[in-house]
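Participant: Below is final11.cif; it holds mmCIF, C-alpha atoms and all ligand atoms.
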data_model
#
loop_
_atom_site.label_atom_id
_atom_site.label_comp_id
_atom_site.auth_asym_id
_atom_site.auth_seq_id
_atom_site.Cartn_x
_atom_site.Cartn_y
_atom_site.Cartn_z
CA MET A 4 11.88 -10.33 11.54
CA ARG A 5 12.62 -8.74 14.87
CA ARG A 6 13.91 -12.04 16.09
CA LEU A 7 16.25 -12.53 13.19
CA LEU A 8 17.65 -9.18 12.43
CA ALA A 9 18.97 -6.26 14.34
CA LEU A 10 17.27 -3.50 12.46
CA ALA A 11 18.52 0.03 12.18
CA ALA A 12 15.71 2.49 12.69
CA LEU A 13 15.06 5.63 10.72
CA SER A 14 12.58 8.01 12.29
CA LEU A 15 10.40 10.35 10.30
CA GLY A 16 8.69 12.39 12.96
CA LEU A 17 8.55 11.52 16.62
CA ALA A 18 6.64 8.45 17.60
CA ALA A 19 3.69 9.51 19.70
CA ALA A 20 2.48 6.80 22.02
CA GLN A 21 -1.09 8.05 22.09
CA ALA A 22 -1.31 9.58 18.68
CA PRO A 23 -4.84 10.61 17.87
CA GLY A 24 -6.28 9.86 14.50
CA VAL A 25 -5.79 7.12 12.03
CA LEU A 26 -3.33 5.55 9.65
CA ILE A 27 -4.56 5.87 6.08
CA ILE A 28 -3.28 3.72 3.24
CA ARG A 29 -4.52 4.53 -0.24
CA PHE A 30 -3.97 2.21 -3.16
CA LEU A 31 -4.25 4.91 -5.78
CA ASP A 32 -5.99 4.23 -9.06
CA VAL A 33 -3.14 5.05 -11.43
CA GLY A 34 -4.29 2.74 -14.21
CA GLN A 35 -1.92 -0.13 -15.00
CA GLY A 36 0.73 0.28 -12.30
CA ASP A 37 1.14 0.77 -8.58
CA ALA A 38 1.09 3.77 -6.29
CA VAL A 39 0.43 3.51 -2.56
CA LEU A 40 0.14 6.54 -0.30
CA ILE A 41 0.71 5.87 3.40
CA THR A 42 -0.12 8.64 5.89
CA SER A 43 0.50 8.26 9.61
CA PRO A 44 -1.77 9.68 12.33
CA GLU A 45 0.83 12.43 12.77
CA GLY A 46 0.46 13.47 9.13
CA LYS A 47 3.76 11.93 7.97
CA SER A 48 3.52 10.44 4.49
CA ILE A 49 5.30 7.92 2.30
CA LEU A 50 4.54 7.41 -1.37
CA TYR A 51 5.46 3.85 -2.35
CA ASP A 52 5.60 3.89 -6.16
CA GLY A 53 3.90 6.51 -8.29
CA GLY A 54 2.31 4.78 -11.25
CA ARG A 55 3.05 5.37 -14.92
CA SER A 56 1.62 8.85 -15.43
CA GLU A 57 2.90 12.16 -14.12
CA PRO A 58 -0.37 14.14 -14.54
CA ARG A 59 -2.42 11.31 -13.08
CA LEU A 60 -0.32 11.07 -9.95
CA GLN A 61 -0.24 14.83 -9.60
CA ALA A 62 -4.04 14.97 -9.82
CA LEU A 63 -4.37 12.24 -7.20
CA LEU A 64 -2.05 14.04 -4.79
CA ARG A 65 -4.23 17.10 -5.21
CA GLN A 66 -7.46 15.13 -4.89
CA TYR A 67 -6.35 13.64 -1.60
CA ASP A 68 -5.04 16.96 -0.35
CA VAL A 69 -1.47 15.80 0.18
CA GLN A 70 0.43 18.60 1.88
CA SER A 71 3.81 16.97 2.29
CA LEU A 72 5.76 13.82 1.56
CA ASP A 73 8.54 12.69 3.86
CA LEU A 74 9.80 9.78 1.81
CA VAL A 75 9.18 8.37 -1.64
CA ALA A 76 10.03 4.77 -2.37
CA ALA A 77 10.48 2.98 -5.67
CA SER A 78 9.76 -0.72 -5.34
CA HIS A 79 11.89 -1.03 -8.48
CA ALA A 80 12.77 1.12 -11.47
CA ASP A 81 10.07 0.11 -13.98
CA ALA A 82 8.10 2.96 -15.52
CA ASP A 83 4.71 1.81 -14.23
CA HIS A 84 6.07 2.35 -10.73
CA ILE A 85 8.38 5.35 -10.90
CA THR A 86 6.99 7.82 -13.45
CA GLY A 87 4.61 9.46 -10.99
CA LEU A 88 7.42 9.81 -8.47
CA ILE A 89 8.91 12.57 -10.64
CA PRO A 90 6.21 15.18 -9.91
CA ALA A 91 5.93 13.89 -6.33
CA VAL A 92 9.61 14.62 -5.72
CA THR A 93 9.50 17.93 -7.56
CA LEU A 94 6.43 19.19 -5.71
CA PHE A 95 7.19 17.99 -2.20
CA ARG A 96 10.98 17.65 -1.95
CA PRO A 97 10.83 14.63 0.35
CA ARG A 98 13.74 13.96 2.65
CA PHE A 99 14.41 10.47 1.32
CA PHE A 100 14.17 8.39 -1.84
CA LEU A 101 14.20 4.71 -0.89
CA ASN A 102 15.22 2.43 -3.74
CA ASN A 103 16.76 -0.94 -4.60
CA GLY A 104 20.15 0.41 -5.65
CA VAL A 105 19.78 -1.04 -9.15
CA ALA A 106 19.83 1.92 -11.51
CA GLY A 107 17.21 1.91 -14.22
CA THR A 108 18.27 2.07 -17.84
CA THR A 109 15.44 4.25 -19.06
CA ARG A 110 14.94 7.91 -19.68
CA VAL A 111 12.24 8.03 -17.02
CA TRP A 112 14.77 6.76 -14.46
CA ASP A 113 17.22 9.46 -15.50
CA ARG A 114 14.52 12.08 -15.13
CA LEU A 115 13.58 10.78 -11.69
CA THR A 116 17.15 10.80 -10.41
CA ALA A 117 17.62 14.31 -11.81
CA ALA A 118 14.48 15.43 -9.95
CA VAL A 119 15.78 13.77 -6.77
CA ARG A 120 19.08 15.62 -7.05
CA LYS A 121 17.39 18.92 -7.78
CA ALA A 122 15.05 18.53 -4.79
CA GLY A 123 17.95 17.81 -2.44
CA THR A 124 16.34 14.48 -1.62
CA GLN A 125 18.67 11.93 -0.08
CA GLY A 126 18.95 8.50 -1.67
CA LEU A 127 18.34 5.64 0.74
CA LEU A 128 19.45 2.16 -0.25
CA ALA A 129 16.98 -0.48 0.89
CA ARG A 130 18.44 -2.65 3.63
CA ASP A 131 17.17 -4.40 6.74
CA GLN A 132 15.77 -1.47 8.60
CA VAL A 133 12.68 -0.04 10.22
CA ILE A 134 11.25 3.31 9.26
CA ASN A 135 9.24 4.94 12.02
CA LEU A 136 6.64 6.95 10.18
CA GLY A 137 5.38 8.78 13.24
CA SER A 138 3.77 5.99 15.26
CA VAL A 139 3.59 3.61 12.29
CA ARG A 140 6.29 0.98 12.04
CA ILE A 141 7.44 0.20 8.52
CA THR A 142 9.85 -2.68 8.01
CA VAL A 143 11.81 -2.63 4.77
CA LEU A 144 12.22 -5.92 2.91
CA PRO A 145 15.30 -5.36 0.77
CA PRO A 146 15.94 -7.57 -2.25
CA PRO A 147 17.61 -10.74 -1.00
CA PRO A 148 21.24 -11.31 -1.98
CA GLY A 149 21.81 -13.26 -5.16
CA MET A 150 19.09 -11.72 -7.29
CA PRO A 151 20.31 -11.03 -10.85
CA ARG A 152 21.09 -7.33 -11.07
CA ASP A 153 19.59 -6.90 -14.51
CA GLU A 154 16.14 -8.04 -13.39
CA GLN A 155 14.29 -5.11 -11.86
CA ASN A 156 11.28 -7.18 -10.76
CA LEU A 157 13.49 -9.59 -8.82
CA ASN A 158 15.02 -6.65 -7.00
CA SER A 159 11.73 -5.24 -5.76
CA VAL A 160 11.78 -3.57 -2.35
CA GLY A 161 8.95 -4.60 -0.03
CA LEU A 162 7.35 -2.74 2.88
CA LEU A 163 5.59 -4.27 5.87
CA VAL A 164 3.39 -1.67 7.58
CA GLN A 165 2.35 -2.20 11.20
CA TYR A 166 0.06 -0.10 13.37
CA GLY A 167 -1.33 -1.75 16.48
CA THR A 168 -2.35 -5.24 15.41
CA PHE A 169 -2.84 -4.10 11.81
CA ARG A 170 -0.42 -5.34 9.18
CA ALA A 171 -0.13 -4.55 5.48
CA LEU A 172 2.42 -5.92 3.05
CA MET A 173 3.43 -4.73 -0.40
CA THR A 174 6.30 -6.17 -2.42
CA GLY A 175 6.31 -4.45 -5.80
CA ASP A 176 6.62 -6.77 -8.79
CA SER A 177 8.67 -9.40 -6.94
CA GLU A 178 8.61 -12.61 -8.93
CA ILE A 179 8.80 -16.15 -7.59
CA PRO A 180 12.60 -16.38 -7.07
CA GLU A 181 12.52 -13.28 -4.86
CA THR A 182 9.58 -14.46 -2.77
CA MET A 183 11.27 -17.86 -2.39
CA ALA A 184 14.44 -16.18 -1.12
CA TRP A 185 12.42 -14.06 1.30
CA LEU A 186 10.71 -17.22 2.58
CA LYS A 187 14.15 -18.59 3.44
CA LYS A 188 15.14 -15.36 5.15
CA TYR A 189 12.02 -14.57 7.18
CA PRO A 190 9.95 -16.97 9.29
CA ALA A 191 6.37 -17.21 8.06
CA SER A 192 5.22 -15.69 11.35
CA ALA A 193 7.18 -12.52 10.54
CA LEU A 194 5.37 -12.15 7.22
CA GLY A 195 1.77 -13.08 7.91
CA PRO A 196 -1.04 -12.99 8.52
CA VAL A 197 -1.60 -9.61 6.93
CA ASP A 198 -4.84 -7.67 6.90
CA VAL A 199 -4.16 -5.90 3.62
CA TYR A 200 -1.86 -7.11 0.88
CA LYS A 201 -0.86 -5.67 -2.45
CA SER A 202 -1.08 -8.24 -5.20
CA ILE A 203 2.37 -8.86 -6.66
CA HIS A 204 2.99 -7.56 -10.18
CA HIS A 205 -0.63 -6.53 -10.88
CA GLY A 206 -1.84 -10.11 -10.61
CA ALA A 207 0.71 -11.56 -13.05
CA ALA A 208 1.20 -15.31 -13.17
CA ASN A 209 4.85 -15.09 -12.11
CA GLY A 210 4.23 -13.19 -8.86
CA ASP A 211 2.00 -14.56 -6.15
CA ASN A 212 2.41 -18.27 -5.57
CA PRO A 213 1.00 -20.83 -3.11
CA ALA A 214 4.06 -21.09 -0.86
CA TRP A 215 4.36 -17.34 -0.47
CA LEU A 216 0.65 -16.80 0.15
CA LYS A 217 0.66 -19.62 2.69
CA ALA A 218 3.11 -17.52 4.73
CA VAL A 219 1.55 -14.13 4.02
CA ARG A 220 -2.05 -15.28 4.63
CA PRO A 221 -3.73 -12.12 3.26
CA GLN A 222 -7.24 -11.27 4.35
CA ASN A 223 -7.71 -8.55 1.73
CA VAL A 224 -5.84 -8.24 -1.54
CA VAL A 225 -5.64 -5.05 -3.60
CA ILE A 226 -4.63 -5.32 -7.26
CA GLY A 227 -3.17 -2.18 -8.86
CA VAL A 228 -4.27 -2.70 -12.42
CA GLY A 229 -5.68 -0.88 -15.43
CA PRO A 230 -6.31 -1.63 -19.09
CA ASN A 231 -3.33 -3.71 -20.27
CA ASN A 232 -2.16 -6.23 -22.84
CA TYR A 233 -0.51 -8.56 -20.35
CA GLY A 234 -3.68 -10.26 -19.19
CA HIS A 235 -3.36 -8.77 -15.70
CA PRO A 236 -4.80 -9.83 -13.39
CA THR A 237 -4.45 -13.45 -14.44
CA GLN A 238 -6.89 -16.21 -13.59
CA GLN A 239 -4.03 -17.98 -11.80
CA ALA A 240 -3.55 -15.10 -9.39
CA LEU A 241 -7.28 -14.56 -8.84
CA SER A 242 -7.69 -18.25 -8.15
CA LEU A 243 -4.84 -18.19 -5.60
CA TYR A 244 -6.49 -15.31 -3.75
CA ARG A 245 -9.76 -17.22 -3.78
CA GLN A 246 -8.06 -20.29 -2.39
CA VAL A 247 -6.71 -18.39 0.61
CA GLY A 248 -10.15 -16.88 1.21
CA ALA A 249 -9.10 -13.30 0.56
CA THR A 250 -11.40 -10.49 -0.49
CA VAL A 251 -10.10 -8.97 -3.70
CA TYR A 252 -10.17 -5.28 -4.62
CA ARG A 253 -9.14 -4.02 -8.06
CA THR A 254 -8.31 -0.43 -8.84
CA ASP A 255 -9.54 -0.86 -12.42
CA GLN A 256 -13.01 -1.76 -11.18
CA GLN A 257 -13.26 0.05 -7.86
CA GLY A 258 -10.95 3.00 -8.28
CA THR A 259 -8.73 4.07 -5.42
CA VAL A 260 -8.96 1.69 -2.46
CA THR A 261 -8.61 3.35 0.95
CA VAL A 262 -7.79 1.58 4.21
CA VAL A 263 -8.38 3.52 7.43
CA VAL A 264 -6.75 1.99 10.50
CA GLN A 265 -7.75 3.00 14.01
CA PRO A 266 -5.27 3.13 16.88
CA GLY A 267 -5.09 -0.47 18.04
CA GLY A 268 -5.47 -1.86 14.56
CA LYS A 269 -9.16 -2.07 13.68
CA PHE A 270 -9.58 -1.06 10.08
CA ALA A 271 -12.11 -0.37 7.36
CA ILE A 272 -11.76 -0.48 3.61
CA THR A 273 -13.65 1.80 1.26
CA THR A 274 -13.44 2.20 -2.48
CA GLU A 275 -13.79 5.21 -4.71
CA LYS A 276 -16.41 3.72 -6.99
CA GLY A 277 -18.75 2.40 -4.36
CA GLY A 278 -18.90 -0.13 -1.61
CA ALA A 279 -16.67 -3.10 -1.23
CA VAL A 280 -17.21 -5.78 -3.82
CA PRO A 281 -16.18 -8.98 -2.12
CA ALA A 282 -15.66 -10.62 -5.49
CA ASN A 283 -14.02 -13.75 -4.22
CA ARG A 284 -15.27 -13.95 -0.69
CA GLY A 285 -16.23 -17.32 0.57
CA ALA A 286 -15.93 -19.30 -2.64
CA VAL A 287 -13.54 -21.61 -0.86
CA PRO A 288 -13.26 -21.69 2.93
CA GLY A 289 -10.08 -19.89 3.93
CA PRO A 290 -7.87 -20.39 6.95
CA ALA A 291 -9.37 -19.29 10.23
CA THR A 292 -8.01 -15.78 10.38
CA PRO A 293 -9.40 -13.56 13.14
CA VAL A 294 -11.33 -10.81 11.45
CA PRO A 295 -10.47 -7.37 12.80
CA VAL A 296 -13.86 -5.92 12.05
CA PRO A 297 -15.51 -3.59 11.10
CA SER A 298 -15.88 -5.61 7.95
CA PRO A 299 -14.83 -3.94 4.74
CA ALA A 300 -18.43 -3.23 3.83
CA THR A 301 -19.20 -1.25 6.97
CA PRO A 302 -16.60 1.37 7.75
CA VAL A 303 -17.20 3.18 11.04
CA TYR A 304 -16.31 6.83 11.38
CA SER A 305 -16.45 8.29 14.84
CA SER A 306 -15.98 11.82 13.56
CA CYS A 307 -16.44 13.77 10.38
CA ALA A 308 -12.71 14.48 10.38
CA GLN A 309 -12.14 10.74 10.06
CA ALA A 310 -14.75 10.40 7.32
CA ARG A 311 -13.18 13.28 5.42
CA ALA A 312 -9.70 11.86 5.91
CA ALA A 313 -10.95 8.63 4.39
CA GLY A 314 -12.37 10.53 1.43
CA ALA A 315 -15.82 9.24 2.40
CA ALA A 316 -17.61 12.51 3.23
CA PRO A 317 -20.37 13.45 2.68
CA LEU A 318 -22.12 10.28 3.79
CA ARG A 319 -25.70 9.72 2.78
CA ARG A 320 -28.17 7.65 4.78
CA GLY A 321 -27.95 4.08 3.55
CA GLN A 322 -24.32 4.39 2.50
CA PRO A 323 -21.74 2.28 4.30
CA GLY A 324 -20.29 4.39 7.08
CA TYR A 325 -23.31 6.71 7.46
CA ASN A 326 -23.67 7.47 11.15
CA PRO A 327 -26.77 9.31 12.39
CA ALA A 328 -24.67 10.81 15.21
CA LEU A 329 -22.69 12.71 12.59
CA ASP A 330 -25.81 13.93 10.81
CA ARG A 331 -26.41 16.89 13.07
CA ASP A 332 -29.26 18.46 11.14
CA GLY A 333 -30.85 15.08 10.50
CA ASP A 334 -31.26 15.66 6.79
CA GLY A 335 -29.91 12.27 5.87
CA VAL A 336 -26.49 13.59 4.87
CA ALA A 337 -23.68 13.41 7.42
CA CYS A 338 -20.46 15.43 7.31
CA GLU A 339 -21.67 17.86 4.60
ZN ZN B 1 4.64 -3.20 -12.49
#
Could you take the file, read its structure, and then write that structure out as structure tokens?
Facilitator:
Amino acid sequence: MRRLLALAALSLGLAAAQAPGVLIIRFLDVGQGDAVLITSPEGKSILYDGGRSEPRLQALLRQYDVQSLDLVAASHADADHITGLIPAVTLFRPRFFLNNGVAGTTRVWDRLTAAVRKAGTQGLLARDQVINLGSVRITVLPPPPGMPRDEQNLNSVGLLVQYGTFRALMTGDSEIPETMAWLKKYPASALGPVDVYKSIHHGAANGDNPAWLKAVRPQNVVIGVGPNNYGHPTQQALSLYRQVGATVYRTDQQGTVTVVVQPGGKFAITTEKGGAVPANRGAVPGPATPVPVPSPATPVYSSCAQARAAGAAPLRRGQPGYNPALDRDGDGVACE
């Protein structure tokens, strides 16, 4: 994208060249819906979507000890993405509310915009721009021109997150016409490969498609999904992820999925309800993507602060991520 577009930059916190600590991305288990919390090593945070439940999102922000939010983003105005943004805005009064500029037609949208006004939060129309979240570079993928204005899904705002060599991509509920238009706009090399990818539209059949995934080349796919009547995630989507050799995580089965990225870009994935379940790994040989290990099953924490930040402490002997060096009293439980 850098090659194509002169991007305006918005800075949230100063970029620190040698920032200590880690980037943490949490795909929050909000039931059927999406909510992704991105926290930079400097403690700057973005909430990209908030799921469909206000109390649920509020409880998750408390559970993960969120102290501040600098920006909230709505991928689009559907209730399963924006409802939880209402308490997020009210509690944390973020500086910015990034959105697609297509007003919702629902009461929940009205309540969100009222909360935004009351909090003094500034609206930010998605356009070609980079957001510097501390030392994390976030490229906004605005809806391409020509999308029908009455289709929220087709006006989804995407975010490409980069930290060292690490790349994550999330594009809301963008359906095939939007991904096709993005493929015309961005060279495949600007999109992929990505280490962590949010499944489009909760694994619906009209989201991820072979041409798009061929460019994105995801190594790990996280599906934000809960009990639903839509058949999400669909067999079509799961089969596409299998075909590209991706490991699939589902919030309905594994709870909140946490990605911890070290300076440089090495990363580890842990899940709330136990170790990684590489459901689709290896069924079909995938493209030869370099694997920035540690592998998802073996997160490495060099300090208890890191383990705690990842929500992994305490760590018992035998658990992924247990490190005897952090078990000072040698009782088999590290970072108590
Ligand atoms: Zn949705």
Participant: Would you work out the distance separating CA of Leu40 in chain A from CA of Tyr67 in chain A, expressed in Å to one decimal?
Facilitator: 9.7 Å
Participant: With a distance cut-off of 9 Å and only C-alpha atoms, select the neighbouring residues of Phe30 in chain A, excluding the residue or stretch itself and same-chain residues fewer than 6 positions from it, and output the selection as a list of chain:residue names.
Facilitator: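 Close residues of Phe30 in chain A: A:Asp37, A:Ala38, A:Val39, A:Leu40, A:Ile41, A:Lys201, A:Val225, A:Ile226, A:Gly227, A:Thr254, A:Gly258, A:Thr259, A:Val260, A:Thr261, A:Val262.
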Participant: Rounded to one decimal in Å, what is the spacing between CA of Tyr233 in chain A and CA of Val92 in chain A?
Facilitator: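 CA of Val92 in chain A lies at a distance of 29.2 Å from CA of Tyr233 in chain A.
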Participant: Can you tell me which residues sit at most 12 Å away from ligand ZN 1 (chain B), counting all atoms listed in the file, written as a JSON list (two decimals) with C-alpha atoms, in the coordinates of the input?
Facilitator:
[["chain", "number", "residue", "atom", "x", "y", "z"],
["A", 33, "VAL", "CA", -3.14, 5.05, -11.43],
["A", 34, "GLY", "CA", -4.29, 2.74, -14.21],
["A", 35, "GLN", "CA", -1.92, -0.13, -15.00],
["A", 36, "GLY", "CA", 0.73, 0.28, -12.30],
["A", 37, "ASP", "CA", 1.14, 0.77, -8.58],
["A", 38, "ALA", "CA", 1.09, 3.77, -6.29],
["A", 52, "ASP", "CA", 5.60, 3.89, -6.16],
["A", 53, "GLY", "CA", 3.90, 6.51, -8.29],
["A", 54, "GLY", "CA", 2.31, 4.78, -11.25],
["A", 55, "ARG", "CA", 3.05, 5.37, -14.92],
["A", 77, "ALA", "CA", 10.48, 2.98, -5.67],
["A", 78, "SER", "CA", 9.76, -0.72, -5.34],
["A", 79, "HIS", "CA", 11.89, -1.03, -8.48],
["A", 80, "ALA", "CA", 12.77, 1.12, -11.47],
["A", 81, "ASP", "CA", 10.07, 0.11, -13.98],
["A", 82, "ALA", "CA", 8.10, 2.96, -15.52],
["A", 83, "ASP", "CA", 4.71, 1.81, -14.23],
["A", 84, "HIS", "CA", 6.07, 2.35, -10.73],
["A", 85, "ILE", "CA", 8.38, 5.35, -10.90],
["A", 86, "THR", "CA", 6.99, 7.82, -13.45],
["A", 155, "GLN", "CA", 14.29, -5.11, -11.86],
["A", 156, "ASN", "CA", 11.28, -7.18, -10.76],
["A", 157, "LEU", "CA", 13.49, -9.59, -8.82],
["A", 159, "SER", "CA", 11.73, -5.24, -5.76],
["A", 174, "THR", "CA", 6.30, -6.17, -2.42],
["A", 175, "GLY", "CA", 6.31, -4.45, -5.80],
["A", 176, "ASP", "CA", 6.62, -6.77, -8.79],
["A", 177, "SER", "CA", 8.67, -9.40, -6.94],
["A", 178, "GLU", "CA", 8.61, -12.61, -8.93],
["A", 201, "LYS", "CA", -0.86, -5.67, -2.45],
["A", 202, "SER", "CA", -1.08, -8.24, -5.20],
["A", 203, "ILE", "CA", 2.37, -8.86, -6.66],
["A", 204, "HIS", "CA", 2.99, -7.56, -10.18],
["A", 205, "HIS", "CA", -0.63, -6.53, -10.88],
["A", 206, "GLY", "CA", -1.84, -10.11, -10.61],
["A", 207, "ALA", "CA", 0.71, -11.56, -13.05],
["A", 209, "ASN", "CA", 4.85, -15.09, -12.11],
["A", 210, "GLY", "CA", 4.23, -13.19, -8.86],
["A", 226, "ILE", "CA", -4.63, -5.32, -7.26],
["A", 227, "GLY", "CA", -3.17, -2.18, -8.86],
["A", 228, "VAL", "CA", -4.27, -2.70, -12.42],
["A", 229, "GLY", "CA", -5.68, -0.88, -15.43],
["A", 231, "ASN", "CA", -3.33, -3.71, -20.27],
["A", 233, "TYR", "CA", -0.51, -8.56, -20.35],
["A", 235, "HIS", "CA", -3.36, -8.77, -15.70],
["A", 236, "PRO", "CA", -4.80, -9.83, -13.39]]
Participant: Considering only C-alpha atoms, return as a PyMOL selection string whatever protein or nucleic-acid residues lie within 10 Å of range 111-121 of chain A, sequence-local ones (same chain, fewer than 4 positions apart) excluded.
Facilitator: chain A and resi 55+75+80-82+85-94+96-100+106-107+125-126
Participant: Nearest to Ile49 in chain A: which of A:Val139, A:Leu128, A:Gln61, A:Arg110 is it, counting only C-alpha atoms?
Facilitator: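 Looking at the shortest contact to Ile49 in chain A, the residue is A:Val139.
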Participant: Name the residues in contact with range 129-132 of chain A at a cut-off of 10 Å, using only C-alpha atoms, excluding same-chain residues fewer than 6 positions from it; report them as a PyMOL selection string.
Facilitator: chain A and resi 4+8-13+76-78+100-104+141-147+159-161
